[in-house]
Amino acid sequence: MSTTTEPSAVADAPAAGAKAGVEAGAGRGPWRLVWDQLWAKGSARFGLITVGVLLLAAALAGPLSSLGGWTPEEFDKRAVDAYLGGLPRGDFGGISARHWLGVEPITGRDLFARVLHGGQVSLLIAFTATAVVVVAGTLAGIAAGYFGGRTDTLLSRLMDLTMSFPSLIFMIAMMSVAKDVNRILLITLVIGLFTWPGIARVVRGQTLSLKHREYVEAAKVGGARSWRILTREILPNVSGPIIAYTTLLIPGMIATEAALSYLGVGVRPPTPSWGQMIAESIVHYETDPTYFLIPTAFLFLAVLAFTLLGDALRDILDPRGGRS
Amino acid sequence: MILYLGRRLLGVAGILLAICAITFTIFYLLPNDPAAAACGKTCSPERLADVKAAMGLDKPVWDQFLAYLGGIFAGRDYGSGPSAVHCGFPCLGYSYEYGLPVWDLLTDRLPVSVSLALGAAALWLVLGLGAGVTSALRKGRPLDRTLMVVSVGTASLPVYFTSIMLIWGVVRTAGLLPYPAYHQFTENPFAWASNLLLPWTALALLYAAMYARQSRNSMIEAMSEPYIRTARAKGLPARTVTVKHGLRAGMTPILTIFGMDLGGLLAGAVITESIFGLPGVGRLFYDGLGRSDQPVILGVTLLAAFFIVAANLLVDLLYAFVDPRVRY
Amino acid sequence: MTRRTHAALAAALAATLTLGLGACKNDKSDSGGDAAPSSTKGPGAESGSVVGGTPAKGGTLTVLTNQDFAHLDPARNWVVPHMDFGTRLLYRTLTTFKAEPGAAGSEIVPDLATDLGKSSEGGKVWTFTLKDGLKYEDGSPIKSADIKYNVERSFSPDLTGGPDYAQQYLAGGESYKGPLTGEHLASIETPDEKTIVFHLKRPVAEFSDTVTLPTFSPVPQSQEKGTQYDSRPFSSGPYKIEAYDRGKQLVLVRNTNWDPATDTVRKAYPDKVVVTQGIKGGQADDRIIASDGADANAINMPWMQHETVAKVLPKADVKSRMVAERTGCTDMLYLNTAKAPFDDPKVREAMMWAVDREAQVTAFGGPAVTDVATSFLPPSLTGGATSDPLKIPAAGDPEKAKALLKEAGRTDLKVALTVSLGDKTRAEAIQQSLAKAGVQVTVNTTDPSAFADTVGDIKNAPELTINGWCPDYPSGATFLPFLFDGRTIKEKGNQGNYSQFRDQATMDRMDQIAAMTDVAEANKAWQQLDQDLMKKAPAVPLMWQRRPLLVGTNVAGAFGNSGYAGMIDLAVVGLKDPAKGKG
């Protein structure tokens with residue numbers, strides 16, 4: 001997803017789907033190197049594999065859940081006990097050969113199918129919101145850093161202003177007063193709206209330091225247009241930190257979506273998302289802990305894996321971030 | 001310095017004004033009608049118009065905004081005739097749901113949120129920075145690895161999960177603490193602290209984990225700066241170098257983040273407050289959403305923005321003392 | 001009851017942002033369960049039972065609730081749990097409901113008035129006389145002008161949210177804007193301090209019921225504080241407000257000027273009532289189950305979460321502390337008869353067979369707290385017996401539905417179902433059961449506060465919607481005409497007849513029944529009409545809810561009052577041992 005921000009890298013995303021963001025524009029030297037370094041590090045490898053598995057599972061949610069024999073909306077009355085307030089029959093939330101991860105209380109819907117489809121929604125929001133943030137942040141950052149002067153002042157003020165907003169409170173408020181609109185689109189835009197300045201600042205800083213390098217000056221003297229310099233000289237050189245920062249943004253996005261849905265202002269049922277599933281399961285945490293723990297575990301794993309991966313990428317691509 | 005301060009204060013005022021305007025506009029444009037919500041479901045069009053007028057929502061947005069701004073500085077009256085209510089300086093609007101000025105509601109709830117935020121902040125600073133600095137100084141050793149594994153794991157847990165587990169473990173199962181309820185510090189400091197212990201822990205765990213990671217990175221970076229090497233080369237004791245130079249430089253970026261985080265929390269931790277049933281600003285806000293109480297929503301947003309901006313300003317001023325490189 | 005159901009429903013939904021249930025008055029009789037199919041007889045608490053025996057005087061009763069009161073100002077209080085609280089503890093009304101379990105709870109008795117009111121001019125003029133010795137919390141006497149004053153207040157655009165019966169019924173109410181402007185309403189006369197006369201626009205035979213509403217309680221003009229009256233209503237009941245920290249805590253103490261000799265209903269057992277607000281629903285239930293310390297004296301408000309049923313039923317001692325009185329409401333799936341495909345009676349009949357009502361019951365806590373509905377009229381309106389004219393299995397019969405659809409020539413139906421957010425599980429259950437009959441349903445959830453507007457806009461109304469209806473008092477006249485009389489359909493803000501059902505035969509019959517003078521005959525006629533309507537299928541009755549409520553181990557005299565839609569009757573609840581649970 002994040003590759004969309006990089007015009008030069010979009011062309012040939014490699015086959016290893018999960019690692020698209022990392023391997024974008026791979027096959028060549030530096031990316032191969034990054035890959036090797038990532039793989040060499042235990043925590044990064046764990047992150048990489050988990051991210052890969054989760055993405056794959058979310059992408060293939062449909063076929064995978066039909067493998068289990070259930071669609072996410074399908075009720076199974078036989079799996080719950082109406083006389084016990086709709087608790088799943090059997091231990092551990094009704095985990096059985098029939099329902100691999102048990103069922104939702106009351107409805108008897110298959111948790112395996114639901115958690116995969118929920119992941120689809122959660123990850124979709126996280127990725128599109130990240131894409132929005134990265135595009136907006138990179139454009140603003142490069143523009144501010146490269147053009148300087150008034151553009152810089154204006155954009156920097158805008159960044160200051162945006163960062164002064166109490167983002168979570170504002171997101172909740174906007175999500176709750178906007179009714180009957182596409183929730184997924186809205187949540188993406190609202191998250192994006194408040195998150196872009198972070199990356200914009202990073203990019204602006206990088207651009208500022210690149211602007212006066214010899215090769216950029218050389219290109220300028222050579223009569224290259226701004227656009228060309230930006231896309232050919234500046235962008236490729238800030239892409240490392242952008243990728244690292246992007247990966248580190250994703251867990252935050254996943255968590256934000258979950259928090260908004262948890263508060264009841266995010267994704268609306270019947271669309272499942274991890275946050276929304278947790279919100280629904282929380283009342284059952286004692287009577288049916290499995291139901292509560294399964295979406296939580298997925299959320300936890302996703303956030304953890306993206307964080308580990310992002311940490312490692314930052315160490316490799318942006319060494320000032322802590323690796324000496 | 002004074003000139004700088006003046007310029008910053010002006011900037012703060014500008015930002016707050018802009019936030020106020022943007023928030024106001026967004027709420028005005030969104031398809032949400034507090035008059036209809038207040039009037040109830042059986043509201044006839046005529047009565048709705050009356051209610052709108054009574055709540056001052058029939059005027060153009062520009063007039064409403066100016067009246068709102070004016071109210072902040074000079075106070076204002078809501079309604080007219082004998083039913084009019086005075087909302088004194090600083091009037092952040094009047095909640096028709098509660099029948100009280102928003103400012104009164106905010107000041108009533110603020111002690112709870114401030115208690116929660118400050119207590120949690122103290123806890124997470126001790127835990128987070130302790131773990132982070134320890135890790136940084138033992139970089140690559142088993143202790144560092146363990147701490148980092150624990151912190152990255154904790155940071156990945158959503159706060160509602162931690163909160164529920166704390167309630168379940170400490171209150172429901174072990175019965176060590178009561179269900180949290182807010183007690184005033186001035187009345188019973190012990191009850192205040194023991195009731196806030198769980199919410200503090202829930203919040204602090206999350207932040208401590210993030211701070212541990214950040215302070216570790218920051219510290220490692222600081223310790224690799226040339227002037228540290230110089231200091232070492234001068235033969236200063238390792239302890240002096242670490243504490244006087246490394247820690248100082250390493251903590252500077254943390255201060256910025258801390259300012260933002262604390263500023264954001266002072267105006268209410270929505271999730272934590274609602275799970276633990278604490279009557280803070282965050283819950284006031286969340287309840288306000290359910291009641292379409294726009295003055296409250298707007299008021300909390302502004303208060304939160306104020307805290308963030310103020311915290312930023314304070315942090316910038318503190319830099320002068322912490323980081324010798326910063327001069328105005 | 002009509003409007004009140006919706007206001008109450010919407011307010012309750014908006015207030016909790018979570019699960020919504022209908023809230024309304026009803027009459028119910030506890031014998032209904034016997035006639036119900038055995039599958040609907042739950043192992044839960046039977047209705048009509050009292051938990052904890054007779055209370056002793058004294059002690060502190062705790063109320064655990066998630067939210068602040070919507071409004072305690074009697075001119076604005078229109079949410080059932082809060083009406084129960086206000087009219088049972090803080091202010092008295094002209095008449096009120098009996099404090100009795102079972103069906104008797106919906107009978108009305110005089111409260112401030114000496115009788116149930118005298119009507120003249122064919123029910124257009126109603127006169128009430130106040131009892132002697134009635135006092136406010138400061139010892140000053142309650143005058144008839146004070147009741148007039150509060151009724152007038154309910155017209156004020158500043159004082160929103162309250163019942164609008166006064167505006168509906170009183171002559172000259174159309175242009176009146178409340179007493180805050182200094183104007184008064186000529187259609188309420190107070191010839192002396194003890195008498196109040198209401199002049200209505202049209203005959204209202206059940207006006208004695210109407211004056212149970214908080215609108216008809218006294219507020220002296222000297223206590224007027226506009227919108228701020230909400231935070232400190234002036235007491236005419238057994239308790240007064242000692243402290244009210246909005247959103248946090250409300251403390252009631254005895255009103256020493258309340259004279260029990262003037263009050264046949266309220267017992268006022270506890271010395272003190274403490275309402276602790278802001279406790280998450282599940283936590284309130286957990287605390288009451290555990291009943292540690294002060295929680296032994298606790299009751300919950302508005303009601304127990306359905307998820308808690310699983311914690312309560314397996315434990316006999318906890319189960320014995322659960323009350324589940326019938327709400328008296330019928331929840332229905334409305335079929336929009338104004339457009340295809342539900343303009344075809346055959347397709348509607350198919351829906352009757354397609355819907356799995358068992359799944360609906362499961363979604364609301366299971367058979368322990370909810371019953372499958374088999375007709376529009378709840379058992380309270382059918383003489384206690386359950387009417388089941390169609391004999392459709394509770395789980396539905398998708399094959400039969402398919403066959404009916406095939407007959408109608410509609411085999412691949414695609415329809416939309418719009419519900420309020422809190423009803424989404426039920427909607428999904430409908431979606432599932434209709435899918436089995438080959439009907440594809442798209443579920444749209446709306447914000448609770450926007451629900452009425454969305455489904456009430458008849459041009460854009462969805463094919464299907466779910467809502468409930470509750471009678472105001474035990475008569476089919478408060479039920480069927482509001483649901484299926486085509487003349488009540490409005491362009492915007494349409495309520496009740498969400499099916500947009502216009503059937504001349506039905507309307508004619510309704511007029512005939514309304515003209516009947518023999519109540520028993522009329523009731524029988526309503527029941528017959530109910531059965532006829534089941535065959536015309538303008539809607540599918542889904543379930544008859546009960547109100548699950550849980551009380552602490554030290555609480556006594558707790559039962560659901562059917563007059564308050566099954567809420568615990570706060571007039572007579574108290575503690576077993578007043579010395580216990582101080583902590």
# chains A, B, ... in the order shown; residues from 1 in each chain; ligands from 1

call {"tool": "residues_around", "arguments": {"residues": "B:Ala131", "least_positions_apart": "4", "cutoff": "8 Å", "atoms": "only C-alpha atoms", "output": "compact mmCIF listing (two decimals) with N, CA and C atoms, in the first residue's frame"}}
result
# COMPACT_ATOMS: atom_id res chain seq x y z
N LEU B 127 8.66 4.66 35.36
CA LEU B 127 8.79 3.34 34.75
C LEU B 127 9.46 3.41 33.38
N SER B 135 18.07 0.39 29.69
CA SER B 135 18.27 -0.35 28.46
C SER B 135 19.40 0.27 27.64
N LEU B 147 13.79 -5.93 28.53
CA LEU B 147 13.00 -4.72 28.71
C LEU B 147 12.32 -4.30 27.42
N ALA B 212 9.72 4.01 27.21
CA ALA B 212 10.91 3.19 27.36
C ALA B 212 11.61 3.08 26.01
N ARG B 216 15.09 5.11 25.22
CA ARG B 216 16.25 4.28 24.91
C ARG B 216 16.92 4.78 23.63

call {"tool": "interface_residues", "arguments": {"of": "chain C", "to": "chain A", "cutoff": "7 Å", "atoms": "only C-alpha atoms", "output": "PyMOL selection string"}}
result
chain C and resi 282+306-307+309-311+313+362-363+365-368+424+432+446-447

call {"tool": "closest_residue", "arguments": {"among": "C:Lys225, C:Arg321, C:Lys148, C:Arg410", "to": "chain B", "atoms": "only C-alpha atoms"}}
result
C:Lys225

call {"tool": "closest_residue", "arguments": {"among": "B:Gly175, B:Thr201, B:Arg213, B:Arg248", "to": "B:Val150", "atoms": "only C-alpha atoms"}}
result
B:Arg213

call {"tool": "residues_around", "arguments": {"residues": "stretch 338-349 of chain C", "least_positions_apart": "4", "cutoff": "6 Å", "atoms": "only C-alpha atoms", "output": "list in words"}}
result
Leu405, Ala408, Gln500 and Ala537 of chain C

call {"tool": "write_last_selection", "arguments": {"atoms": "C-alpha atoms", "output": "mmCIF file, in the first residue's frame"}}
result
data_model
loop_
_atom_site.group_PDB
_atom_site.id
_atom_site.type_symbol
_atom_site.label_atom_id
_atom_site.label_comp_id
_atom_site.auth_asym_id
_atom_site.auth_seq_id
_atom_site.Cartn_x
_atom_site.Cartn_y
_atom_site.Cartn_z
ATOM 1 C CA LEU C 405 -42.959 -16.469 -2.614
ATOM 2 C CA ALA C 408 -46.477 -14.786 -5.641
ATOM 3 C CA GLN C 500 -47.849 2.557 5.703
ATOM 4 C CA ALA C 537 -49.621 -9.291 7.631
#

call {"tool": "closest_atom_pairs", "arguments": {"of": "chain B", "to": "chain A", "cutoff": "7 Å", "atoms": "only C-alpha atoms", "output": "CSV"}}
result
residue,atom,partner,partner_atom,distance
B:Ile15,CA,A:Leu161,CA,6.0
B:Leu30,CA,A:Ala178,CA,6.2
B:Pro31,CA,A:Ala178,CA,6.6
B:Asn32,CA,A:Val177,CA,6.0
B:Val152,CA,A:Leu304,CA,6.8
B:Gly153,CA,A:Leu304,CA,6.4
B:Ser156,CA,A:Leu304,CA,5.4
B:Leu157,CA,A:Phe300,CA,5.7
B:Asn217,CA,A:Gly322,CA,4.6
B:Ser218,CA,A:Gly322,CA,6.6
B:Ile220,CA,A:Gly322,CA,6.2
B:Glu221,CA,A:Gly322,CA,5.4
B:Gly264,CA,A:Pro166,CA,6.1
B:Leu289,CA,A:Ser176,CA,6.9
B:Thr301,CA,A:Ile169,CA,6.6
B:Ala304,CA,A:Pro166,CA,5.7
B:Ala305,CA,A:Phe165,CA,5.4
B:Ile308,CA,A:Ser164,CA,5.9
B:Val309,CA,A:Ser164,CA,5.8

call {"tool": "write_last_selection", "arguments": {"atoms": "all heavy atoms", "output": "compact mmCIF listing (two decimals), in the first residue's frame"}}
result
# COMPACT_ATOMS: atom_id res chain seq x y z
N ILE B 15 -3.50 30.22 17.36
CA ILE B 15 -3.83 28.81 17.16
C ILE B 15 -5.16 28.48 17.81
O ILE B 15 -6.02 27.82 17.22
CB ILE B 15 -2.70 27.92 17.71
CG1 ILE B 15 -1.54 27.94 16.73
CG2 ILE B 15 -3.19 26.50 17.91
CD1 ILE B 15 -0.40 27.04 17.09
N LEU B 30 -21.94 20.07 9.90
CA LEU B 30 -22.33 18.67 9.94
C LEU B 30 -23.84 18.53 10.13
O LEU B 30 -24.47 19.34 10.78
CB LEU B 30 -21.59 17.96 11.07
CG LEU B 30 -20.14 17.67 10.73
CD1 LEU B 30 -19.40 17.18 11.95
CD2 LEU B 30 -20.03 16.65 9.62
N PRO B 31 -24.38 17.47 9.54
CA PRO B 31 -25.83 17.29 9.58
C PRO B 31 -26.30 16.79 10.94
O PRO B 31 -26.74 15.68 11.10
CB PRO B 31 -26.07 16.23 8.50
CG PRO B 31 -24.81 15.45 8.47
CD PRO B 31 -23.71 16.39 8.83
N ASN B 32 -26.16 17.62 11.94
CA ASN B 32 -26.53 17.21 13.28
C ASN B 32 -27.22 18.39 13.93
O ASN B 32 -26.68 19.47 14.00
CB ASN B 32 -25.25 16.84 14.04
CG ASN B 32 -25.58 16.16 15.33
OD1 ASN B 32 -26.48 15.34 15.39
ND2 ASN B 32 -24.86 16.53 16.37
N VAL B 152 7.72 -3.40 24.01
CA VAL B 152 7.04 -3.40 22.71
C VAL B 152 5.75 -4.20 22.81
O VAL B 152 4.73 -3.86 22.20
CB VAL B 152 7.97 -3.91 21.58
CG1 VAL B 152 8.15 -5.41 21.65
CG2 VAL B 152 7.43 -3.52 20.22
N GLY B 153 5.76 -5.23 23.63
CA GLY B 153 4.54 -6.01 23.84
C GLY B 153 3.47 -5.19 24.54
O GLY B 153 2.32 -5.14 24.10
N SER B 156 1.74 -2.63 22.55
CA SER B 156 0.82 -3.14 21.53
C SER B 156 -0.55 -3.51 22.09
O SER B 156 -1.44 -3.87 21.35
CB SER B 156 1.41 -4.36 20.83
OG SER B 156 2.69 -4.05 20.33
N LEU B 157 -0.66 -3.47 23.42
CA LEU B 157 -1.95 -3.83 24.01
C LEU B 157 -2.86 -2.61 24.08
O LEU B 157 -2.44 -1.56 24.56
CB LEU B 157 -1.74 -4.37 25.43
CG LEU B 157 -1.22 -5.78 25.55
CD1 LEU B 157 -0.89 -6.09 26.99
CD2 LEU B 157 -2.23 -6.76 25.00
N ASN B 217 16.12 4.94 22.59
CA ASN B 217 16.68 5.42 21.33
C ASN B 217 17.36 6.76 21.49
O ASN B 217 18.46 7.00 21.03
CB ASN B 217 15.58 5.55 20.28
CG ASN B 217 15.08 4.20 19.82
OD1 ASN B 217 15.74 3.19 20.09
ND2 ASN B 217 13.94 4.18 19.17
N SER B 218 16.63 7.64 22.18
CA SER B 218 17.12 8.98 22.32
C SER B 218 18.42 9.01 23.11
O SER B 218 19.36 9.74 22.80
CB SER B 218 16.03 9.79 23.02
OG SER B 218 16.50 11.02 23.39
N ILE B 220 20.59 6.52 23.45
CA ILE B 220 21.68 5.92 22.68
C ILE B 220 22.24 6.94 21.70
O ILE B 220 23.46 7.10 21.55
CB ILE B 220 21.20 4.66 21.94
CG1 ILE B 220 20.94 3.56 22.95
CG2 ILE B 220 22.18 4.23 20.89
CD1 ILE B 220 20.30 2.31 22.37
N GLU B 221 21.32 7.66 21.10
CA GLU B 221 21.76 8.68 20.15
C GLU B 221 22.60 9.74 20.84
O GLU B 221 23.65 10.15 20.36
CB GLU B 221 20.53 9.31 19.51
CG GLU B 221 20.83 10.06 18.24
CD GLU B 221 19.60 10.79 17.74
OE1 GLU B 221 18.49 10.25 17.92
OE2 GLU B 221 19.74 11.89 17.20
N GLY B 264 -2.51 16.41 26.10
CA GLY B 264 -3.66 15.70 25.55
C GLY B 264 -4.48 15.00 26.63
O GLY B 264 -5.70 14.93 26.54
N LEU B 289 -21.50 13.31 23.72
CA LEU B 289 -21.73 12.77 22.38
C LEU B 289 -23.08 12.07 22.33
O LEU B 289 -23.86 12.25 21.40
CB LEU B 289 -20.65 11.74 22.03
CG LEU B 289 -19.24 12.24 21.85
CD1 LEU B 289 -18.34 11.06 21.57
CD2 LEU B 289 -19.18 13.22 20.70
N THR B 301 -13.27 20.14 23.49
CA THR B 301 -12.28 20.23 22.41
C THR B 301 -11.38 21.44 22.61
O THR B 301 -10.16 21.35 22.49
CB THR B 301 -13.00 20.32 21.05
OG1 THR B 301 -13.99 19.31 20.99
CG2 THR B 301 -12.03 20.14 19.92
N ALA B 304 -9.05 20.94 25.55
CA ALA B 304 -7.97 20.01 25.21
C ALA B 304 -6.93 20.72 24.34
O ALA B 304 -5.73 20.58 24.57
CB ALA B 304 -8.54 18.80 24.48
N ALA B 305 -7.40 21.50 23.37
CA ALA B 305 -6.46 22.23 22.51
C ALA B 305 -5.65 23.20 23.35
O ALA B 305 -4.43 23.34 23.18
CB ALA B 305 -7.22 22.98 21.43
N ILE B 308 -2.90 21.37 25.15
CA ILE B 308 -1.82 20.93 24.27
C ILE B 308 -0.92 22.11 23.92
O ILE B 308 0.30 22.05 24.01
CB ILE B 308 -2.39 20.27 23.01
CG1 ILE B 308 -3.04 18.94 23.40
CG2 ILE B 308 -1.31 20.05 21.97
CD1 ILE B 308 -3.73 18.25 22.26
N VAL B 309 -1.55 23.21 23.54
CA VAL B 309 -0.78 24.38 23.15
C VAL B 309 0.02 24.91 24.34
O VAL B 309 1.21 25.24 24.23
CB VAL B 309 -1.73 25.47 22.61
CG1 VAL B 309 -0.98 26.74 22.32
CG2 VAL B 309 -2.41 24.98 21.35

call {"tool": "select_by_dssp", "arguments": {"residues": "stretch 181-303 of chain B", "states": "helix (DSSP H, G or I)", "output": "PyMOL selection string"}}
result
chain B and resi 189-223+226-233+238-266+270-276+281-290+294-303

call {"tool": "residues_around", "arguments": {"residues": "C:Leu550", "least_positions_apart": "2", "cutoff": "12 Å", "atoms": "only C-alpha atoms", "output": "MDAnalysis selection string"}}
result
chainID C and resid 44:45 50:52 63:64 281:282 284:291 295:306 308:309 311:313 317:325 547:548 552:556 558:560 567:568

call {"tool": "residues_around", "arguments": {"residues": "A:Arg204", "least_positions_apart": "6", "cutoff": "12 Å", "atoms": "only C-alpha atoms", "output": "MDAnalysis selection string"}}
result
chainID A and resid 137:148 151:153 155:156 159 197:198 210:211 234:235 238 241:242

call {"tool": "write_last_selection", "arguments": {"atoms": "N, CA and C atoms", "output": "PDB file, in the first residue's frame"}}
result
ATOM      1  N   GLY A 137       1.633  13.988   3.680  1.00  0.00           N
ATOM      2  CA  GLY A 137       2.794  14.402   4.462  1.00  0.00           C
ATOM      3  C   GLY A 137       4.019  14.590   3.595  1.00  0.00           C
ATOM      4  N   THR A 138       4.235  13.684   2.656  1.00  0.00           N
ATOM      5  CA  THR A 138       5.413  13.793   1.799  1.00  0.00           C
ATOM      6  C   THR A 138       5.313  15.028   0.911  1.00  0.00           C
ATOM      7  N   LEU A 139       4.165  15.222   0.308  1.00  0.00           N
ATOM      8  CA  LEU A 139       4.000  16.393  -0.560  1.00  0.00           C
ATOM      9  C   LEU A 139       4.242  17.667   0.225  1.00  0.00           C
ATOM     10  N   ALA A 140       3.581  17.764   1.382  1.00  0.00           N
ATOM     11  CA  ALA A 140       3.719  18.974   2.181  1.00  0.00           C
ATOM     12  C   ALA A 140       5.155  19.150   2.643  1.00  0.00           C
ATOM     13  N   GLY A 141       5.763  18.048   3.078  1.00  0.00           N
ATOM     14  CA  GLY A 141       7.120  18.126   3.598  1.00  0.00           C
ATOM     15  C   GLY A 141       8.115  18.533   2.535  1.00  0.00           C
ATOM     16  N   ILE A 142       8.022  17.913   1.374  1.00  0.00           N
ATOM     17  CA  ILE A 142       8.951  18.245   0.286  1.00  0.00           C
ATOM     18  C   ILE A 142       8.744  19.682  -0.162  1.00  0.00           C
ATOM     19  N   ALA A 143       7.480  20.055  -0.294  1.00  0.00           N
ATOM     20  CA  ALA A 143       7.189  21.416  -0.749  1.00  0.00           C
ATOM     21  C   ALA A 143       7.745  22.419   0.243  1.00  0.00           C
ATOM     22  N   ALA A 144       7.487  22.179   1.523  1.00  0.00           N
ATOM     23  CA  ALA A 144       7.966  23.116   2.534  1.00  0.00           C
ATOM     24  C   ALA A 144       9.487  23.178   2.535  1.00  0.00           C
ATOM     25  N   GLY A 145      10.120  22.017   2.486  1.00  0.00           N
ATOM     26  CA  GLY A 145      11.570  21.982   2.567  1.00  0.00           C
ATOM     27  C   GLY A 145      12.233  22.521   1.319  1.00  0.00           C
ATOM     28  N   TYR A 146      11.698  22.182   0.172  1.00  0.00           N
ATOM     29  CA  TYR A 146      12.376  22.530  -1.071  1.00  0.00           C
ATOM     30  C   TYR A 146      12.136  23.983  -1.453  1.00  0.00           C
ATOM     31  N   PHE A 147      10.890  24.410  -1.382  1.00  0.00           N
ATOM     32  CA  PHE A 147      10.600  25.768  -1.835  1.00  0.00           C
ATOM     33  C   PHE A 147      10.909  26.804  -0.771  1.00  0.00           C
ATOM     34  N   GLY A 148      10.829  26.428   0.473  1.00  0.00           N
ATOM     35  CA  GLY A 148      11.148  27.351   1.555  1.00  0.00           C
ATOM     36  C   GLY A 148      10.263  28.586   1.530  1.00  0.00           C
ATOM     37  N   THR A 151       5.993  29.415   1.309  1.00  0.00           N
ATOM     38  CA  THR A 151       5.401  28.080   1.282  1.00  0.00           C
ATOM     39  C   THR A 151       5.716  27.352   2.578  1.00  0.00           C
ATOM     40  N   ASP A 152       6.999  27.453   2.942  1.00  0.00           N
ATOM     41  CA  ASP A 152       7.439  26.771   4.154  1.00  0.00           C
ATOM     42  C   ASP A 152       6.705  27.325   5.381  1.00  0.00           C
ATOM     43  N   THR A 153       6.648  28.647   5.470  1.00  0.00           N
ATOM     44  CA  THR A 153       6.002  29.266   6.622  1.00  0.00           C
ATOM     45  C   THR A 153       4.554  28.801   6.723  1.00  0.00           C
ATOM     46  N   LEU A 155       3.019  26.185   5.336  1.00  0.00           N
ATOM     47  CA  LEU A 155       2.845  24.761   5.616  1.00  0.00           C
ATOM     48  C   LEU A 155       3.250  24.432   7.053  1.00  0.00           C
ATOM     49  N   SER A 156       4.308  25.082   7.518  1.00  0.00           N
ATOM     50  CA  SER A 156       4.751  24.803   8.882  1.00  0.00           C
ATOM     51  C   SER A 156       3.713  25.258   9.898  1.00  0.00           C
ATOM     52  N   MET A 159       1.069  22.788   9.955  1.00  0.00           N
ATOM     53  CA  MET A 159       1.467  21.600  10.724  1.00  0.00           C
ATOM     54  C   MET A 159       1.326  21.876  12.216  1.00  0.00           C
ATOM     55  N   PRO A 197       1.021  15.705   9.748  1.00  0.00           N
ATOM     56  CA  PRO A 197       2.140  16.583  10.040  1.00  0.00           C
ATOM     57  C   PRO A 197       3.387  15.849  10.513  1.00  0.00           C
ATOM     58  N   GLY A 198       3.223  14.713  11.167  1.00  0.00           N
ATOM     59  CA  GLY A 198       4.375  13.978  11.667  1.00  0.00           C
ATOM     60  C   GLY A 198       5.339  13.651  10.542  1.00  0.00           C
ATOM     61  N   LEU A 210      18.943  17.950   2.101  1.00  0.00           N
ATOM     62  CA  LEU A 210      19.354  17.477   0.767  1.00  0.00           C
ATOM     63  C   LEU A 210      19.484  18.612  -0.233  1.00  0.00           C
ATOM     64  N   LYS A 211      18.722  19.658   0.036  1.00  0.00           N
ATOM     65  CA  LYS A 211      18.549  20.727  -0.947  1.00  0.00           C
ATOM     66  C   LYS A 211      19.885  21.294  -1.421  1.00  0.00           C
ATOM     67  N   ILE A 234      15.376  14.438  -5.098  1.00  0.00           N
ATOM     68  CA  ILE A 234      15.003  14.529  -3.679  1.00  0.00           C
ATOM     69  C   ILE A 234      14.233  13.296  -3.228  1.00  0.00           C
ATOM     70  N   LEU A 235      13.136  13.003  -3.936  1.00  0.00           N
ATOM     71  CA  LEU A 235      12.241  11.944  -3.481  1.00  0.00           C
ATOM     72  C   LEU A 235      12.960  10.608  -3.236  1.00  0.00           C
ATOM     73  N   VAL A 238      14.746  10.684   0.039  1.00  0.00           N
ATOM     74  CA  VAL A 238      14.013  10.716   1.303  1.00  0.00           C
ATOM     75  C   VAL A 238      13.151   9.460   1.477  1.00  0.00           C
ATOM     76  N   PRO A 241      13.751   7.042   4.914  1.00  0.00           N
ATOM     77  CA  PRO A 241      13.042   7.435   6.136  1.00  0.00           C
ATOM     78  C   PRO A 241      11.531   7.361   5.975  1.00  0.00           C
ATOM     79  N   ILE A 242      11.021   7.697   4.786  1.00  0.00           N
ATOM     80  CA  ILE A 242       9.562   7.646   4.609  1.00  0.00           C
ATOM     81  C   ILE A 242       9.068   6.228   4.817  1.00  0.00           C
TER      82      ILE A 242
END

call {"tool": "atom_distance", "arguments": {"atom1": "atom CA of C:Asp158", "atom2": "atom CA of B:Val51"}}
result
6.2 Å

call {"tool": "closest_residue", "arguments": {"among": "C:Ala514, C:Ile279, C:Leu112, C:Ala395", "to": "chain B", "atoms": "only C-alpha atoms"}}
result
C:Ile279
